[in-house]
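J.: Can you read through this structure? Questions will come right after.
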Amino acid sequence: MKNYWLMKSEPDAFSIEDLEKRENGTEPWDGIRNYQARNFMRDDMKIGDAVLFYHSNCKTPGVVGVAEIASEAYPDPTAFDSKSKYFDEKSDPENPRWILVDVRFVDKLPRTVSLSEMKETAALKDMKILQRGNRLSITPVAKKEFDHILKMAKS
DNA sequence: GCCAACGTTGGC
DNA sequence: GCCAACGTTGGC
């Protein structure tokens, strides 16, 4: 069974347009330093899973595109790079603490489905992203929520 | 194991 | 830029 996800990114750092421009539209999703998000990548993500690409910390936060999972989880090299802002001296290369998956561009939505609009939509009320104080950068999404957001983007 | 202090996230 | 919510750290 295919799984569905929502992944946040700050467009100033890495936007859906940046993803589209990457070779093969593919980018290693590095820098995840939260255990819950890591465990989703490690335990539940599979190649071909569908992703809602969400822009956070910007003028109009919301879902802007669709991507897909393009690799199994593998060690995040930035954890071992002392020059990286994601460097973690406590991550042992023999037993990596942090992992990542490759994410591939699929589509930009015809329009942004904004966070405020999502909040007003009864069919989306259970989404983790709408729950109070949720800061998780990777959250599972129900297929019907995923489909509903795509439908909203087309209307 | 508790919990205060601290750093980060992210909407507004 | 503000600040509430949250996760992590580290002293005890």
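Chain labels run A, B, ... following the order of the structure tokens; each chain numbers its residues from 1, and ligands are numbered from 1 in the order shown.
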What are the closest atom pairs, with distances in Å to one decimal, for all residues of chain B lying within 10 Å of chain A? Consider only C-alpha atoms (C1' of nucleotides), order rows by chain and residue number, and present the result as a Markdown table.

T.:
| residue | atom | partner | partner_atom | distance |
| --- | --- | --- | --- | --- |
| B:DT8 | C1' | A:Arg135 | CA | 9.7 |
| B:DT9 | C1' | A:Arg135 | CA | 6.0 |
| B:DG10 | C1' | A:Asn57 | CA | 5.2 |
| B:DG11 | C1' | A:Asn57 | CA | 7.3 |
| B:DC12 | C1' | A:Lys59 | CA | 9.9 |

J.: Save out the residues we just selected, all heavy atoms, as a tab-separated table (two decimals), in the first residue's frame.

T.:
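Written file, selection.tsv:
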chain	number	residue	atom	x	y	z
B	8	DT	P	19.12	27.14	17.80
B	8	DT	OP1	20.10	26.53	16.91
B	8	DT	OP2	19.01	28.61	17.92
B	8	DT	O5'	17.68	26.57	17.43
B	8	DT	C5'	17.45	25.17	17.51
B	8	DT	C4'	16.05	24.89	17.04
B	8	DT	O4'	15.10	25.36	18.02
B	8	DT	C3'	15.68	25.58	15.72
B	8	DT	O3'	15.06	24.58	14.92
B	8	DT	C2'	14.71	26.68	16.15
B	8	DT	C1'	14.07	26.08	17.39
B	8	DT	N1	13.55	27.02	18.41
B	8	DT	C2	12.27	26.83	18.88
B	8	DT	O2	11.54	25.94	18.48
B	8	DT	N3	11.87	27.71	19.85
B	8	DT	C4	12.62	28.75	20.38
B	8	DT	O4	12.15	29.48	21.25
B	8	DT	C5	13.95	28.90	19.84
B	8	DT	C7	14.83	29.99	20.34
B	8	DT	C6	14.35	28.04	18.89
B	9	DT	P	14.67	24.89	13.40
B	9	DT	OP1	15.11	23.70	12.66
B	9	DT	OP2	15.08	26.25	13.01
B	9	DT	O5'	13.08	24.88	13.43
B	9	DT	C5'	12.39	23.82	14.07
B	9	DT	C4'	10.94	24.21	14.15
B	9	DT	O4'	10.79	25.25	15.15
B	9	DT	C3'	10.35	24.78	12.86
B	9	DT	O3'	9.22	24.00	12.57
B	9	DT	C2'	10.03	26.24	13.18
B	9	DT	C1'	9.87	26.21	14.69
B	9	DT	N1	10.18	27.41	15.48
B	9	DT	C2	9.28	27.80	16.46
B	9	DT	O2	8.23	27.22	16.66
B	9	DT	N3	9.66	28.90	17.18
B	9	DT	C4	10.82	29.62	17.05
B	9	DT	O4	11.04	30.58	17.77
B	9	DT	C5	11.72	29.17	16.02
B	9	DT	C7	13.01	29.90	15.79
B	9	DT	C6	11.37	28.09	15.29
B	10	DG	P	8.55	23.99	11.14
B	10	DG	OP1	7.76	22.77	11.03
B	10	DG	OP2	9.59	24.32	10.15
B	10	DG	O5'	7.56	25.22	11.23
B	10	DG	C5'	6.44	25.13	12.09
B	10	DG	C4'	5.80	26.49	12.14
B	10	DG	O4'	6.59	27.38	12.96
B	10	DG	C3'	5.67	27.18	10.77
B	10	DG	O3'	4.38	27.71	10.68
B	10	DG	C2'	6.70	28.31	10.85
B	10	DG	C1'	6.61	28.63	12.33
B	10	DG	N9	7.70	29.43	12.88
B	10	DG	C8	8.97	29.58	12.41
B	10	DG	N7	9.70	30.40	13.12
B	10	DG	C5	8.85	30.80	14.14
B	10	DG	C6	9.07	31.69	15.22
B	10	DG	O6	10.09	32.30	15.51
B	10	DG	N1	7.93	31.82	16.02
B	10	DG	C2	6.73	31.18	15.79
B	10	DG	N2	5.74	31.43	16.67
B	10	DG	N3	6.52	30.35	14.78
B	10	DG	C4	7.61	30.21	13.99
B	11	DG	P	3.63	27.91	9.32
B	11	DG	OP1	3.26	26.61	8.78
B	11	DG	OP2	4.38	28.87	8.49
B	11	DG	O5'	2.33	28.61	9.88
B	11	DG	C5'	1.70	28.11	11.06
B	11	DG	C4'	1.17	29.26	11.87
B	11	DG	O4'	2.26	29.95	12.54
B	11	DG	C3'	0.43	30.31	11.06
B	11	DG	O3'	-0.71	30.72	11.79
B	11	DG	C2'	1.46	31.44	10.92
B	11	DG	C1'	2.22	31.34	12.23
B	11	DG	N9	3.59	31.81	12.18
B	11	DG	C8	4.54	31.47	11.24
B	11	DG	N7	5.71	32.04	11.45
B	11	DG	C5	5.52	32.79	12.59
B	11	DG	C6	6.42	33.62	13.31
B	11	DG	O6	7.60	33.85	13.04
B	11	DG	N1	5.82	34.20	14.42
B	11	DG	C2	4.51	34.01	14.79
B	11	DG	N2	4.11	34.65	15.89
B	11	DG	N3	3.65	33.23	14.14
B	11	DG	C4	4.22	32.66	13.06
B	12	DC	P	-1.92	31.48	11.11
B	12	DC	OP1	-3.11	31.06	11.84
B	12	DC	OP2	-1.83	31.34	9.65
B	12	DC	O5'	-1.60	33.00	11.47
B	12	DC	C5'	-1.69	33.40	12.84
B	12	DC	C4'	-1.00	34.71	13.01
B	12	DC	O4'	0.42	34.54	12.89
B	12	DC	C3'	-1.31	35.74	11.92
B	12	DC	O3'	-2.46	36.50	12.31
B	12	DC	C2'	-0.06	36.60	11.86
B	12	DC	C1'	0.97	35.83	12.66
B	12	DC	N1	2.26	35.67	11.94
B	12	DC	C2	3.38	36.34	12.44
B	12	DC	O2	3.24	37.04	13.46
B	12	DC	N3	4.56	36.21	11.80
B	12	DC	C4	4.66	35.45	10.71
B	12	DC	N4	5.84	35.36	10.13
B	12	DC	C5	3.53	34.76	10.19
B	12	DC	C6	2.36	34.90	10.82

J.: From a backbone DSSP assignment, name each residue in region 83-123 of chain A labelled strand (DSSP E), as a PDB file with C-alpha atoms, in the first residue's frame.

T.:
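Just written: out_26.pdb:
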ATOM      1  CA  ILE A  99      19.081   9.350   7.771  1.00  0.00           C
ATOM      2  CA  LEU A 100      17.347  10.828   4.752  1.00  0.00           C
ATOM      3  CA  ASP A 102      15.544  11.223  -1.855  1.00  0.00           C
ATOM      4  CA  VAL A 103      12.516  13.260  -2.894  1.00  0.00           C
ATOM      5  CA  ARG A 104      11.524  13.698  -6.537  1.00  0.00           C
ATOM      6  CA  PHE A 105       9.477  16.491  -8.087  1.00  0.00           C
ATOM      7  CA  VAL A 106       6.140  15.429  -9.550  1.00  0.00           C
ATOM      8  CA  ASP A 107       4.010  18.538 -10.057  1.00  0.00           C
ATOM      9  CA  LYS A 108       3.357  22.059  -8.986  1.00  0.00           C
ATOM     10  CA  LEU A 109      -0.244  22.631  -7.963  1.00  0.00           C
ATOM     11  CA  PRO A 110      -2.251  24.997 -10.187  1.00  0.00           C
ATOM     12  CA  ARG A 111      -2.434  27.225  -7.113  1.00  0.00           C
ATOM     13  CA  THR A 112      -1.319  27.202  -3.499  1.00  0.00           C
ATOM     14  CA  VAL A 113      -3.721  25.585  -1.061  1.00  0.00           C
ATOM     15  CA  SER A 114      -3.076  27.850   1.885  1.00  0.00           C
TER      16      SER A 114
END

J.: Calculate how many Å separate CA of Pro11 (chain A) from CA of Trp29 (chain A), rounding to one decimal.

T.: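 About the pair CA of Pro11 (chain A) and CA of Trp29 (chain A): they are 13.9 Å apart.
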
J.: Mind pulling up the distance from CA of Asp76 (chain A) to CA of Phe14 (chain A)?

T.: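 Between CA of Phe14 (chain A) and CA of Asp76 (chain A) the gap works out to 17.0 Å.
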